[in-house]
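To keep things clear, I will list the structure first and then write my remarks on it.
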Amino acid sequence: MPEIQAFRAIRYDLGHVGSLGDVIAPPYDVISPEMQTELYHKHPCNVVRLILNRKEPGDTPEDNCYLRARDFLRHWQSEGVLFTEGDPALYVYHQQFTFAGRTFLRRGFMCRLRLSPFGEGRVFPHEETHSAPKVDRLMLMTTTKANLSPVFGLYPDATCEAQNLLEAAVAGETPIEATDHLGVLSRMWPMTDPAVISSVSAVMGPKPIFIADGHHRYETACTYREQIHDMGLLAPEHPAHFVLMMCVAMEDPGLAIMPTHRLFRGVPTMTADELVAKLGDCFQTRVAGQGADFATTAWEDLETGAGRGTIALCPGGDQRWVIATITAAGRAKMAEVAAEHNEDWRGLGVSILHRLVVETLLGATDLPKPEYVHLVDEVAEGLRTGEYPLAALVMPATVDDVRRISMTGERMPAKSTYFYPKLLSGLVINPVE
């Protein structure tokens, strides 16, 4: 069963840094080089120097980005920029944001979660991962001896019992606040009451945890634990047994999943008529409009009634949009070409797009990694450049998809989900030594 624990987080002393908004950052994997530079300039103690230290031309094995991150962490602790919480706490974490014209409030809490390798416990992945990010994160974790950013976990709780216990405990308390570059307002309350911590732990004990975001960080933490174990240094309650986790109930009304659209390179240039011919009887198709600006209308078409089996495709040959809905023949073909996966996996829009359309019907394999974007305007901008021979709008997976597919041991294709907003780095750090 998942075991959550309170922990003594390392946190910024606002008396030293001033505004928390000046020292937080989004996760490392969404920080562009331009944003990295902006964060470096924003504050000399911005957490970007820890989670994504800048690589320098003269880097050596004795002086590199990972060692500089370690040195910044140690120096900031010794100077009092960072302090360690006096008592073990769970950290109630709210994010207020606007999405699709509506205001949402996503509620959760940060804790440390006892690690269990995927397939050996009640922690489940939902997406495929890549090796390069895990090597990078392992190097950082090994040198800093800390979880610098939380993993994002979902758990079923129809009545939000665990979260409501915490909400009652912090009611009336003043939160720590920060607003990020997207205008998302984050509020956090350390909650140290042992009785409440015990009650929340008991509620969480029987529940599975599904990784929503941070698969690489979770797997890295498991690898780090094994390294410590192999060195003979791992006592039963050693901090390396745990990982920093943000827990959000699947039923939380503020939980939003954004789509992840694709801009493809390496696909043969074709017209809409040629694309329709290649799709054949696997899809029912109609040409709905033309040009980059039609992307918004095409997306509205998908959102207002299309299921996961409908995708919108814009070939670069004439930029005429094709709305394609999978047919019975297409599902049969999908079952043939993706026989190693179950029906739920084969029904995902991203699975249909990549396995059936791109790889099978278009015969485009070994492509460069697509450009992944979340806003329809970004798709339109990409089409205007003329760099992409194919654009695709695809419906996002749902929370129920995550639960069903994860529980069967399957993993969705990479970039199947985008849980918005991302969790901030810099609110809490979990030491692992």
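Identifiers for the structure tokens are assigned positionally: chains receive A, B, ... in sequence, residues are indexed from 1 per chain, and ligands are indexed from 1 in the order shown.
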
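Contact shell of Glu371 of chain A at 10 Å (only C-alpha atoms; same-chain neighbours under 3 positions omitted): Thr260, His261, Arg262, Leu263, Phe264, Arg265, Pro368, Val379, Gly382, Tyr388 and Ala391 of chain A.
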
Written file, previous selection with N, CA and C atoms, as a PDB file, in the first residue's frame:
ATOM      1  N   THR A 260      -2.506  17.801 -26.326  1.00  0.00           N
ATOM      2  CA  THR A 260      -1.160  17.991 -26.855  1.00  0.00           C
ATOM      3  C   THR A 260      -1.218  17.703 -28.347  1.00  0.00           C
ATOM      4  N   HIS A 261      -1.188  18.767 -29.140  1.00  0.00           N
ATOM      5  CA  HIS A 261      -1.272  18.641 -30.585  1.00  0.00           C
ATOM      6  C   HIS A 261       0.124  18.376 -31.162  1.00  0.00           C
ATOM      7  N   ARG A 262       0.162  17.983 -32.424  1.00  0.00           N
ATOM      8  CA  ARG A 262       1.425  17.596 -33.059  1.00  0.00           C
ATOM      9  C   ARG A 262       1.677  18.375 -34.338  1.00  0.00           C
ATOM     10  N   LEU A 263       2.923  18.782 -34.508  1.00  0.00           N
ATOM     11  CA  LEU A 263       3.421  19.324 -35.771  1.00  0.00           C
ATOM     12  C   LEU A 263       4.542  18.393 -36.226  1.00  0.00           C
ATOM     13  N   PHE A 264       4.337  17.718 -37.355  1.00  0.00           N
ATOM     14  CA  PHE A 264       5.261  16.675 -37.795  1.00  0.00           C
ATOM     15  C   PHE A 264       6.250  17.199 -38.825  1.00  0.00           C
ATOM     16  N   ARG A 265       7.491  16.749 -38.687  1.00  0.00           N
ATOM     17  CA  ARG A 265       8.510  16.884 -39.724  1.00  0.00           C
ATOM     18  C   ARG A 265       8.786  15.499 -40.298  1.00  0.00           C
ATOM     19  N   PRO A 368      11.648  12.415 -37.051  1.00  0.00           N
ATOM     20  CA  PRO A 368      12.107  13.274 -35.949  1.00  0.00           C
ATOM     21  C   PRO A 368      10.978  13.443 -34.933  1.00  0.00           C
ATOM     22  N   VAL A 379      -0.482  25.751 -33.125  1.00  0.00           N
ATOM     23  CA  VAL A 379      -0.589  24.940 -34.338  1.00  0.00           C
ATOM     24  C   VAL A 379      -0.653  25.856 -35.560  1.00  0.00           C
ATOM     25  N   GLY A 382       2.678  27.347 -36.324  1.00  0.00           N
ATOM     26  CA  GLY A 382       3.552  26.367 -36.952  1.00  0.00           C
ATOM     27  C   GLY A 382       3.243  26.186 -38.424  1.00  0.00           C
ATOM     28  N   TYR A 388       6.293  22.447 -41.490  1.00  0.00           N
ATOM     29  CA  TYR A 388       5.714  21.165 -41.079  1.00  0.00           C
ATOM     30  C   TYR A 388       4.787  20.634 -42.171  1.00  0.00           C
ATOM     31  N   ALA A 391       0.110  18.757 -39.730  1.00  0.00           N
ATOM     32  CA  ALA A 391      -0.299  19.155 -38.385  1.00  0.00           C
ATOM     33  C   ALA A 391      -1.479  18.300 -37.970  1.00  0.00           C
TER      34      ALA A 391
END

- Message: Report, in Å with one decimal, the straight-line distance from atom CA of Gly289 of chain A to atom CA of Val322 of chain A.
- Response: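 Distance reported for this atom pair: 7.9 Å.
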
- Gap from atom CA of Ala158 of chain A to atom CA of Ala249 of chain A - Å, one decimal: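 Atom-to-atom, atom CA of Ala158 of chain A and atom CA of Ala249 of chain A are spaced 7.9 Å apart.
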
- Task: Please indicate the distance in Å from atom CA of Glu127 of chain A to atom CA of Ala397 of chain A, rounded to one decimal place.
- Result: 11.3 Å

- Quick one: everything within 9 Å of Gly349 of chain A, counting only C-alpha atoms, minus sequence neighbours fewer than 2 positions away in the same chain. Send it as an MDAnalysis selection string. chainID A and resid 307:311 346:347 351:354 394:397 416
